[in-house]
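J.: Input: one structure, supplied below.
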Amino acid sequence: MKSLAVSLLLVLMLGIFVASAAAQEGGPTPHPDEVNAIARNLYCPVCANVPLDVCGTAACAQWRQQIADLLTQGYTEQQIYDYFVQQYGPSVLATPPASGFNWLIYLLPPAVVLLGALFLSRGLLNWKCKPAKRQLAHKKSAKDKYAQHLEDELRARR
Amino acid sequence: MFAKKSKTISSWGAVFAWAFLAGLLALVAIQLNSAQRGVLTRGEPAPEFTLTTFEGEVIGPENLVGKVVLVNFWASWCKPCEQEAAALQSAWELYEPRGDVLFVGVDYADTQNEALAYLKRFAITYPNGPDLGIRIYYAFRARGVPETFIINKLGEVAFVKIGPFESLDEITMAIDRLLEP
């Protein structure tokens, strides 16, 4: 009976120890896939054009560890992006925020497509209309020439 | 009537398109120009900056006036930075008592835990802080780490070192000539 009580006490102490250790850690260790899902939307300034999830430098490894630490601390995905922007500037984001000059990135392509479509449609309309006009003008001038010739002939016969 | 209106719209459209294109080209030219300016060179006025150290101390332009300032860009992941860390600390210990020389370490694209561990490992005591938003690095037009800029008492860039210092002598030689009366 006494040994059972001692065992229960030991198990209880162990449980308290494990629970307090977990609480100190702040949460479960995130899976590498969770880290990479966020890392693929970030770029470190040291390695140009290489997303953080596939970048092999020591700097990028540290940044991925930073993401894991923040996830463990309970940061949400958006909070992690905000943290990285605050620390390293907006250029770390794969998708630049829609503000300031960055608006150009979002407005320019549709504007260019729209303008292109406008010019193309105008060009097509002109291309379609012009030959008809030209033909008409040609016909008219040809008719005028014959009419003039006819009138000249009649005038001469009178 | 309709043809005239259409022609006016079309000419305004052309003006708008050309103005748009000119603006875009100007923007590209500005970007290209700033990208090709290269690292700050000797004689250029040093950019103003404010750095909050890992200890929370704020170092701003008012702290730099009338001093020779050594600005060192480094990172904990940078192996060449380790080569010069001890020499920089030795130089700081040499100049700190004078009061007219200041060393500032700017930690570039780094994580705080590793940066603090690095400072502890090399027993670095001069002010060091993270370059939040990588603003100071871009202001100095730095291209990597380690890079060191020494600013004279007039606030001009007097010495630029790309890569690590080879020795303590190299650092003292660069600073001493700026301290001569």
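Quick note on naming: the chains in the structure tokens go A, B, ... in the order shown, residues restart at 1 in each chain, and ligands are numbered from 1 in order of appearance.
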Dump as a count of residues only the residues of chain B that approach chain A to within 8 Å, counting only C-alpha atoms.
T.: 10
J.: Neighbours of segment 165-169 of chain B within 9 Å (only C-alpha atoms; same-chain residues fewer than 6 positions away dropped), as a tab-separated table (two decimals) with N, CA, C and O atoms, in the first residue's frame?
T.:
chain	number	residue	atom	x	y	z
B	81	CYS	N	33.73	37.99	-40.73
B	81	CYS	CA	33.57	38.96	-39.63
B	81	CYS	C	34.33	38.49	-38.38
B	81	CYS	O	34.84	39.31	-37.61
B	83	GLN	N	37.12	37.05	-38.26
B	83	GLN	CA	38.57	37.31	-38.40
B	83	GLN	C	38.97	38.66	-37.80
B	83	GLN	O	40.07	38.83	-37.31
B	84	GLU	N	38.06	39.63	-37.86
B	84	GLU	CA	38.41	40.98	-37.42
B	84	GLU	C	37.82	41.34	-36.05
B	84	GLU	O	38.12	42.39	-35.50
B	85	ALA	N	36.97	40.45	-35.51
B	85	ALA	CA	36.25	40.77	-34.27
B	85	ALA	C	37.20	41.10	-33.12
B	85	ALA	O	37.02	42.11	-32.43
B	86	ALA	N	38.22	40.28	-32.93
B	86	ALA	CA	39.15	40.50	-31.80
B	86	ALA	C	39.94	41.80	-31.99
B	86	ALA	O	40.15	42.56	-31.04
B	87	ALA	N	40.38	42.06	-33.23
B	87	ALA	CA	41.17	43.27	-33.51
B	87	ALA	C	40.33	44.53	-33.28
B	87	ALA	O	40.82	45.52	-32.73
B	88	LEU	N	39.05	44.47	-33.67
B	88	LEU	CA	38.17	45.63	-33.46
B	88	LEU	C	37.98	45.90	-31.97
B	88	LEU	O	38.03	47.05	-31.53
B	90	SER	N	40.06	45.08	-29.55
B	90	SER	CA	41.34	45.59	-29.02
B	90	SER	C	41.48	47.08	-29.33
B	90	SER	O	41.91	47.87	-28.49
B	91	ALA	N	41.10	47.46	-30.55
B	91	ALA	CA	41.20	48.86	-30.95
B	91	ALA	C	40.26	49.73	-30.11
B	91	ALA	O	40.62	50.82	-29.68
B	146	PRO	N	31.96	41.61	-43.84
B	146	PRO	CA	32.10	42.84	-43.08
B	146	PRO	C	32.49	44.02	-43.98
B	146	PRO	O	33.22	43.86	-44.95
B	148	THR	N	33.52	48.31	-43.23
B	148	THR	CA	33.75	49.30	-42.18
B	148	THR	C	33.95	50.68	-42.78
B	148	THR	O	34.68	50.82	-43.77
J.: Out of A:Ala156, A:Asn49, A:Cys55, A:Leu71, which residue has the shortest atom-to-atom distance to His31 of chain A when counting only C-alpha atoms?
T.: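 Smallest separation from His31 of chain A among the options: A:Leu71.
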J.: DSSP on the backbone, helix (DSSP H, G or I) only: what residues of chain B does that give? Format it as a PyMOL selection string.
T.: chain B and resi 2-35+61-64+79-98+112-121+132-139+168-179
J.: Go ahead and save the residues from that selection, with C-alpha atoms, as a PDB file, in the first residue's frame.
T.:
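Output contents, as saved in result_4.pdb:
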ATOM      1  CA  PHE B   2     -18.238  62.766 -83.866  1.00  0.00           C
ATOM      2  CA  ALA B   3     -15.053  62.366 -85.906  1.00  0.00           C
ATOM      3  CA  LYS B   4     -13.631  65.592 -84.440  1.00  0.00           C
ATOM      4  CA  LYS B   5     -14.412  64.503 -80.867  1.00  0.00           C
ATOM      5  CA  SER B   6     -12.892  61.095 -81.504  1.00  0.00           C
ATOM      6  CA  LYS B   7      -9.744  62.727 -82.888  1.00  0.00           C
ATOM      7  CA  THR B   8      -9.399  64.946 -79.773  1.00  0.00           C
ATOM      8  CA  ILE B   9      -9.768  61.929 -77.479  1.00  0.00           C
ATOM      9  CA  SER B  10      -7.225  59.995 -79.531  1.00  0.00           C
ATOM     10  CA  SER B  11      -4.654  62.844 -79.371  1.00  0.00           C
ATOM     11  CA  TRP B  12      -5.122  63.142 -75.600  1.00  0.00           C
ATOM     12  CA  GLY B  13      -4.682  59.389 -75.350  1.00  0.00           C
ATOM     13  CA  ALA B  14      -1.414  59.625 -77.258  1.00  0.00           C
ATOM     14  CA  VAL B  15      -0.188  62.447 -74.975  1.00  0.00           C
ATOM     15  CA  PHE B  16      -1.123  60.396 -71.925  1.00  0.00           C
ATOM     16  CA  ALA B  17       0.595  57.275 -73.293  1.00  0.00           C
ATOM     17  CA  TRP B  18       3.826  59.165 -74.061  1.00  0.00           C
ATOM     18  CA  ALA B  19       3.798  60.928 -70.674  1.00  0.00           C
ATOM     19  CA  PHE B  20       3.255  57.577 -68.984  1.00  0.00           C
ATOM     20  CA  LEU B  21       6.138  56.018 -70.909  1.00  0.00           C
ATOM     21  CA  ALA B  22       8.432  58.977 -70.115  1.00  0.00           C
ATOM     22  CA  GLY B  23       7.562  58.712 -66.414  1.00  0.00           C
ATOM     23  CA  LEU B  24       8.265  55.008 -66.432  1.00  0.00           C
ATOM     24  CA  LEU B  25      11.638  55.513 -68.140  1.00  0.00           C
ATOM     25  CA  ALA B  26      12.551  58.240 -65.604  1.00  0.00           C
ATOM     26  CA  LEU B  27      11.711  55.862 -62.764  1.00  0.00           C
ATOM     27  CA  VAL B  28      13.877  53.113 -64.261  1.00  0.00           C
ATOM     28  CA  ALA B  29      16.729  55.618 -64.768  1.00  0.00           C
ATOM     29  CA  ILE B  30      16.548  56.733 -61.123  1.00  0.00           C
ATOM     30  CA  GLN B  31      16.559  53.133 -59.922  1.00  0.00           C
ATOM     31  CA  LEU B  32      19.489  52.225 -62.170  1.00  0.00           C
ATOM     32  CA  ASN B  33      21.436  55.289 -61.061  1.00  0.00           C
ATOM     33  CA  SER B  34      21.001  54.527 -57.373  1.00  0.00           C
ATOM     34  CA  ALA B  35      21.876  50.857 -57.936  1.00  0.00           C
ATOM     35  CA  PRO B  61      23.637  61.995 -34.843  1.00  0.00           C
ATOM     36  CA  GLU B  62      24.046  64.060 -31.649  1.00  0.00           C
ATOM     37  CA  ASN B  63      26.287  61.327 -30.200  1.00  0.00           C
ATOM     38  CA  LEU B  64      28.595  61.411 -33.222  1.00  0.00           C
ATOM     39  CA  LYS B  79      32.721  33.935 -41.150  1.00  0.00           C
ATOM     40  CA  PRO B  80      35.072  36.720 -42.350  1.00  0.00           C
ATOM     41  CA  CYS B  81      33.575  38.963 -39.626  1.00  0.00           C
ATOM     42  CA  GLU B  82      35.069  36.618 -37.038  1.00  0.00           C
ATOM     43  CA  GLN B  83      38.574  37.314 -38.397  1.00  0.00           C
ATOM     44  CA  GLU B  84      38.410  40.981 -37.415  1.00  0.00           C
ATOM     45  CA  ALA B  85      36.245  40.766 -34.269  1.00  0.00           C
ATOM     46  CA  ALA B  86      39.149  40.502 -31.802  1.00  0.00           C
ATOM     47  CA  ALA B  87      41.170  43.272 -33.512  1.00  0.00           C
ATOM     48  CA  LEU B  88      38.168  45.630 -33.458  1.00  0.00           C
ATOM     49  CA  GLN B  89      37.615  44.998 -29.748  1.00  0.00           C
ATOM     50  CA  SER B  90      41.336  45.592 -29.016  1.00  0.00           C
ATOM     51  CA  ALA B  91      41.195  48.864 -30.952  1.00  0.00           C
ATOM     52  CA  TRP B  92      38.102  49.941 -29.033  1.00  0.00           C
ATOM     53  CA  GLU B  93      39.855  49.262 -25.712  1.00  0.00           C
ATOM     54  CA  LEU B  94      42.704  51.441 -26.973  1.00  0.00           C
ATOM     55  CA  TYR B  95      40.578  54.418 -28.012  1.00  0.00           C
ATOM     56  CA  GLU B  96      37.634  54.311 -25.590  1.00  0.00           C
ATOM     57  CA  PRO B  97      39.382  56.297 -22.780  1.00  0.00           C
ATOM     58  CA  ARG B  98      40.035  59.235 -25.163  1.00  0.00           C
ATOM     59  CA  GLN B 112      19.118  38.358 -32.056  1.00  0.00           C
ATOM     60  CA  ASN B 113      20.056  35.186 -30.136  1.00  0.00           C
ATOM     61  CA  GLU B 114      22.925  34.375 -32.500  1.00  0.00           C
ATOM     62  CA  ALA B 115      24.064  38.012 -32.567  1.00  0.00           C
ATOM     63  CA  LEU B 116      24.215  38.198 -28.778  1.00  0.00           C
ATOM     64  CA  ALA B 117      26.076  34.883 -28.645  1.00  0.00           C
ATOM     65  CA  TYR B 118      28.602  36.262 -31.165  1.00  0.00           C
ATOM     66  CA  LEU B 119      29.171  39.429 -29.099  1.00  0.00           C
ATOM     67  CA  LYS B 120      29.655  37.310 -25.987  1.00  0.00           C
ATOM     68  CA  ARG B 121      32.038  34.919 -27.745  1.00  0.00           C
ATOM     69  CA  LEU B 132      16.133  47.453 -38.093  1.00  0.00           C
ATOM     70  CA  GLY B 133      14.635  47.453 -41.567  1.00  0.00           C
ATOM     71  CA  ILE B 134      18.210  47.309 -42.975  1.00  0.00           C
ATOM     72  CA  ARG B 135      18.084  51.101 -43.227  1.00  0.00           C
ATOM     73  CA  ILE B 136      21.643  51.936 -42.114  1.00  0.00           C
ATOM     74  CA  TYR B 137      23.142  49.330 -44.444  1.00  0.00           C
ATOM     75  CA  TYR B 138      21.340  50.866 -47.444  1.00  0.00           C
ATOM     76  CA  ALA B 139      22.138  54.429 -46.296  1.00  0.00           C
ATOM     77  CA  LEU B 168      44.973  45.851 -35.151  1.00  0.00           C
ATOM     78  CA  ASP B 169      47.650  48.007 -36.826  1.00  0.00           C
ATOM     79  CA  GLU B 170      45.485  48.438 -39.899  1.00  0.00           C
ATOM     80  CA  ILE B 171      42.672  49.835 -37.738  1.00  0.00           C
ATOM     81  CA  THR B 172      44.890  52.135 -35.661  1.00  0.00           C
ATOM     82  CA  MET B 173      46.637  53.484 -38.769  1.00  0.00           C
ATOM     83  CA  ALA B 174      43.292  54.446 -40.259  1.00  0.00           C
ATOM     84  CA  ILE B 175      42.074  56.133 -37.063  1.00  0.00           C
ATOM     85  CA  ASP B 176      45.281  57.803 -35.867  1.00  0.00           C
ATOM     86  CA  ARG B 177      45.681  59.998 -38.931  1.00  0.00           C
ATOM     87  CA  LEU B 178      42.165  61.367 -38.312  1.00  0.00           C
ATOM     88  CA  LEU B 179      43.057  62.276 -34.738  1.00  0.00           C
TER      89      LEU B 179
END
J.: Could you pull out all residues of segment 13-170 of chain B with a DSSP call of strand (DSSP E) and give them as a VMD selection string?
T.: chain B and resid 51 to 52 58 to 59 68 to 74 101 to 107 128 to 130 147 to 151 157 to 162
J.: So that I have them on file, write out the residues from the current selection with N, CA, C and O atoms, as a short mmCIF file (atom, residue, chain, number, x, y, z; two decimals), in the first residue's frame.
T.:
data_model
loop_
_atom_site.label_atom_id
_atom_site.label_comp_id
_atom_site.auth_asym_id
_atom_site.auth_seq_id
_atom_site.Cartn_x
_atom_site.Cartn_y
_atom_site.Cartn_z
N LEU B 51 20.76 54.29 -34.20
CA LEU B 51 20.82 52.85 -33.91
C LEU B 51 20.44 52.62 -32.45
O LEU B 51 20.96 53.28 -31.56
N THR B 52 19.53 51.69 -32.24
CA THR B 52 19.20 51.29 -30.87
C THR B 52 19.99 50.00 -30.59
O THR B 52 19.83 49.02 -31.30
N VAL B 58 20.18 54.43 -27.29
CA VAL B 58 19.95 55.01 -28.63
C VAL B 58 21.16 55.86 -29.02
O VAL B 58 21.54 56.78 -28.29
N ILE B 59 21.76 55.53 -30.16
CA ILE B 59 22.89 56.31 -30.67
C ILE B 59 22.41 57.05 -31.90
O ILE B 59 22.03 56.44 -32.91
N VAL B 68 35.53 60.88 -34.10
CA VAL B 68 35.88 59.95 -35.17
C VAL B 68 35.03 58.71 -34.90
O VAL B 68 35.06 58.15 -33.79
N VAL B 69 34.22 58.32 -35.89
CA VAL B 69 33.28 57.21 -35.68
C VAL B 69 33.61 56.06 -36.62
O VAL B 69 33.72 56.26 -37.84
N LEU B 70 33.77 54.89 -36.04
CA LEU B 70 33.99 53.69 -36.85
C LEU B 70 32.68 52.92 -36.88
O LEU B 70 32.16 52.52 -35.83
N VAL B 71 32.14 52.76 -38.08
CA VAL B 71 30.88 52.02 -38.25
C VAL B 71 31.21 50.69 -38.91
O VAL B 71 31.68 50.66 -40.04
N ASN B 72 30.98 49.63 -38.16
CA ASN B 72 31.31 48.29 -38.68
C ASN B 72 30.04 47.49 -38.92
O ASN B 72 29.23 47.31 -38.01
N PHE B 73 29.85 47.03 -40.15
CA PHE B 73 28.72 46.18 -40.49
C PHE B 73 29.16 44.71 -40.36
O PHE B 73 30.19 44.32 -40.92
N TRP B 74 28.39 43.93 -39.64
CA TRP B 74 28.76 42.54 -39.38
C TRP B 74 27.50 41.69 -39.24
O TRP B 74 26.38 42.21 -39.21
N VAL B 101 36.59 59.12 -29.85
CA VAL B 101 36.47 58.05 -30.85
C VAL B 101 35.30 57.15 -30.42
O VAL B 101 35.18 56.81 -29.24
N LEU B 102 34.45 56.83 -31.38
CA LEU B 102 33.31 55.95 -31.07
C LEU B 102 33.25 54.80 -32.08
O LEU B 102 33.40 55.03 -33.28
N PHE B 103 33.07 53.61 -31.57
CA PHE B 103 32.87 52.45 -32.44
C PHE B 103 31.39 52.09 -32.37
O PHE B 103 30.80 52.07 -31.28
N VAL B 104 30.82 51.79 -33.54
CA VAL B 104 29.41 51.37 -33.59
C VAL B 104 29.34 50.10 -34.45
O VAL B 104 29.76 50.11 -35.61
N GLY B 105 28.80 49.06 -33.88
CA GLY B 105 28.62 47.81 -34.63
C GLY B 105 27.19 47.74 -35.13
O GLY B 105 26.25 47.90 -34.34
N VAL B 106 27.03 47.55 -36.42
CA VAL B 106 25.69 47.46 -37.01
C VAL B 106 25.47 46.01 -37.46
O VAL B 106 26.15 45.53 -38.38
N ASP B 107 24.54 45.36 -36.81
CA ASP B 107 24.28 43.94 -37.07
C ASP B 107 23.30 43.80 -38.23
O ASP B 107 22.14 44.19 -38.12
N ASN B 128 26.61 47.96 -30.00
CA ASN B 128 26.19 47.15 -31.14
C ASN B 128 24.67 47.04 -31.14
O ASN B 128 24.07 46.92 -30.07
N GLY B 129 24.09 47.07 -32.30
CA GLY B 129 22.63 46.93 -32.36
C GLY B 129 22.18 46.42 -33.71
O GLY B 129 22.93 46.47 -34.69
N PRO B 130 20.94 45.93 -33.76
CA PRO B 130 20.41 45.41 -35.04
C PRO B 130 20.06 46.56 -35.97
O PRO B 130 19.58 47.60 -35.52
N GLU B 147 31.97 45.17 -43.62
CA GLU B 147 32.38 46.42 -44.25
C GLU B 147 32.48 47.47 -43.15
O GLU B 147 31.64 47.49 -42.25
N THR B 148 33.52 48.31 -43.23
CA THR B 148 33.75 49.30 -42.18
C THR B 148 33.95 50.68 -42.78
O THR B 148 34.68 50.82 -43.77
N PHE B 149 33.27 51.65 -42.20
CA PHE B 149 33.39 53.04 -42.64
C PHE B 149 33.90 53.85 -41.45
O PHE B 149 33.34 53.74 -40.36
N ILE B 150 34.95 54.64 -41.66
CA ILE B 150 35.43 55.51 -40.59
C ILE B 150 35.10 56.95 -40.98
O ILE B 150 35.45 57.40 -42.08
N ILE B 151 34.40 57.63 -40.09
CA ILE B 151 33.92 58.99 -40.35
C ILE B 151 34.78 59.96 -39.55
O ILE B 151 35.03 59.73 -38.35
N VAL B 157 33.04 60.70 -44.75
CA VAL B 157 33.63 59.36 -44.81
C VAL B 157 35.11 59.53 -45.13
O VAL B 157 35.47 60.14 -46.14
N ALA B 158 35.96 59.01 -44.24
CA ALA B 158 37.40 59.21 -44.42
C ALA B 158 38.12 57.91 -44.78
O ALA B 158 39.26 57.94 -45.26
N PHE B 159 37.48 56.79 -44.52
CA PHE B 159 38.13 55.50 -44.77
C PHE B 159 37.05 54.44 -44.99
O PHE B 159 36.06 54.40 -44.27
N VAL B 160 37.27 53.61 -45.99
CA VAL B 160 36.31 52.53 -46.26
C VAL B 160 37.09 51.22 -46.34
O VAL B 160 38.09 51.13 -47.06
N LYS B 161 36.63 50.23 -45.63
CA LYS B 161 37.27 48.91 -45.69
C LYS B 161 36.23 47.88 -46.11
O LYS B 161 35.24 47.65 -45.41
N ILE B 162 36.46 47.28 -47.27
CA ILE B 162 35.58 46.21 -47.74
C ILE B 162 36.25 44.90 -47.34
O ILE B 162 37.40 44.66 -47.72
#
J.: Which distance in Å separates atom CA of Ile80 of chain A and atom CA of Ile38 of chain A, to one decimal?
T.: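 Going from atom CA of Ile80 of chain A over to atom CA of Ile38 of chain A covers 8.3 Å.
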J.: Go through B:Glu180, B:Ala123, B:Gly163, B:Gly155 and flag the residue nearest Glu44 of chain B, using only C-alpha atoms for the distances.
T.: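 Result for the nearest residue to Glu44 of chain B: B:Gly155.
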J.: Please, what distance in Å, to one decimal, runs between atom CA of Thr95 of chain A and atom CA of Gln79 of chain A?
T.: 15.5 Å
J.: Rounded to one decimal in Å, what is the spacing between atom CA of Asp53 of chain A and atom CA of Ser76 of chain B?
T.: 19.9 Å
J.: Taking only C-alpha atoms into account, which of A:His149, A:Leu154, A:Leu125, A:Ala37 comes nearest Ala68 of chain A?
T.: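 Of A:His149, A:Leu154, A:Leu125, A:Ala37, the one nearest Ala68 of chain A is A:Ala37, counting only C-alpha atoms.
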J.: Please provide the set of residues having any atom within 8 Å of Phe140 of chain B, restricted to only C-alpha atoms, with same-chain residues fewer than 5 positions apart removed, written as JSON, numbers by chain.
T.: {"B": [39, 40, 46, 47]}
J.: Would you mind exporting the chosen residues as a PDB file, in the first residue's frame, restricted to all heavy atoms?
T.:
ATOM      1  N   VAL B  39      29.498  51.705 -53.295  1.00  0.00           N
ATOM      2  CA  VAL B  39      29.696  51.966 -51.867  1.00  0.00           C
ATOM      3  C   VAL B  39      30.071  53.442 -51.664  1.00  0.00           C
ATOM      4  O   VAL B  39      30.658  54.062 -52.549  1.00  0.00           O
ATOM      5  CB  VAL B  39      30.825  51.050 -51.342  1.00  0.00           C
ATOM      6  CG1 VAL B  39      31.029  51.221 -49.843  1.00  0.00           C
ATOM      7  CG2 VAL B  39      30.508  49.608 -51.651  1.00  0.00           C
ATOM      8  N   LEU B  40      29.746  53.988 -50.492  1.00  0.00           N
ATOM      9  CA  LEU B  40      30.163  55.358 -50.152  1.00  0.00           C
ATOM     10  C   LEU B  40      31.673  55.469 -50.306  1.00  0.00           C
ATOM     11  O   LEU B  40      32.415  54.563 -49.932  1.00  0.00           O
ATOM     12  CB  LEU B  40      29.813  55.649 -48.686  1.00  0.00           C
ATOM     13  CG  LEU B  40      28.421  56.155 -48.335  1.00  0.00           C
ATOM     14  CD1 LEU B  40      28.333  56.369 -46.834  1.00  0.00           C
ATOM     15  CD2 LEU B  40      28.121  57.446 -49.049  1.00  0.00           C
ATOM     16  N   ALA B  46      28.892  61.537 -44.486  1.00  0.00           N
ATOM     17  CA  ALA B  46      28.366  60.273 -43.950  1.00  0.00           C
ATOM     18  C   ALA B  46      26.861  60.405 -43.724  1.00  0.00           C
ATOM     19  O   ALA B  46      26.404  61.454 -43.277  1.00  0.00           O
ATOM     20  CB  ALA B  46      29.051  59.950 -42.636  1.00  0.00           C
ATOM     21  N   PRO B  47      26.100  59.373 -44.051  1.00  0.00           N
ATOM     22  CA  PRO B  47      24.656  59.471 -43.829  1.00  0.00           C
ATOM     23  C   PRO B  47      24.318  59.515 -42.335  1.00  0.00           C
ATOM     24  O   PRO B  47      25.028  58.901 -41.532  1.00  0.00           O
ATOM     25  CB  PRO B  47      24.101  58.205 -44.480  1.00  0.00           C
ATOM     26  CG  PRO B  47      25.238  57.293 -44.663  1.00  0.00           C
ATOM     27  CD  PRO B  47      26.489  58.080 -44.637  1.00  0.00           C
TER      28      PRO B  47
END
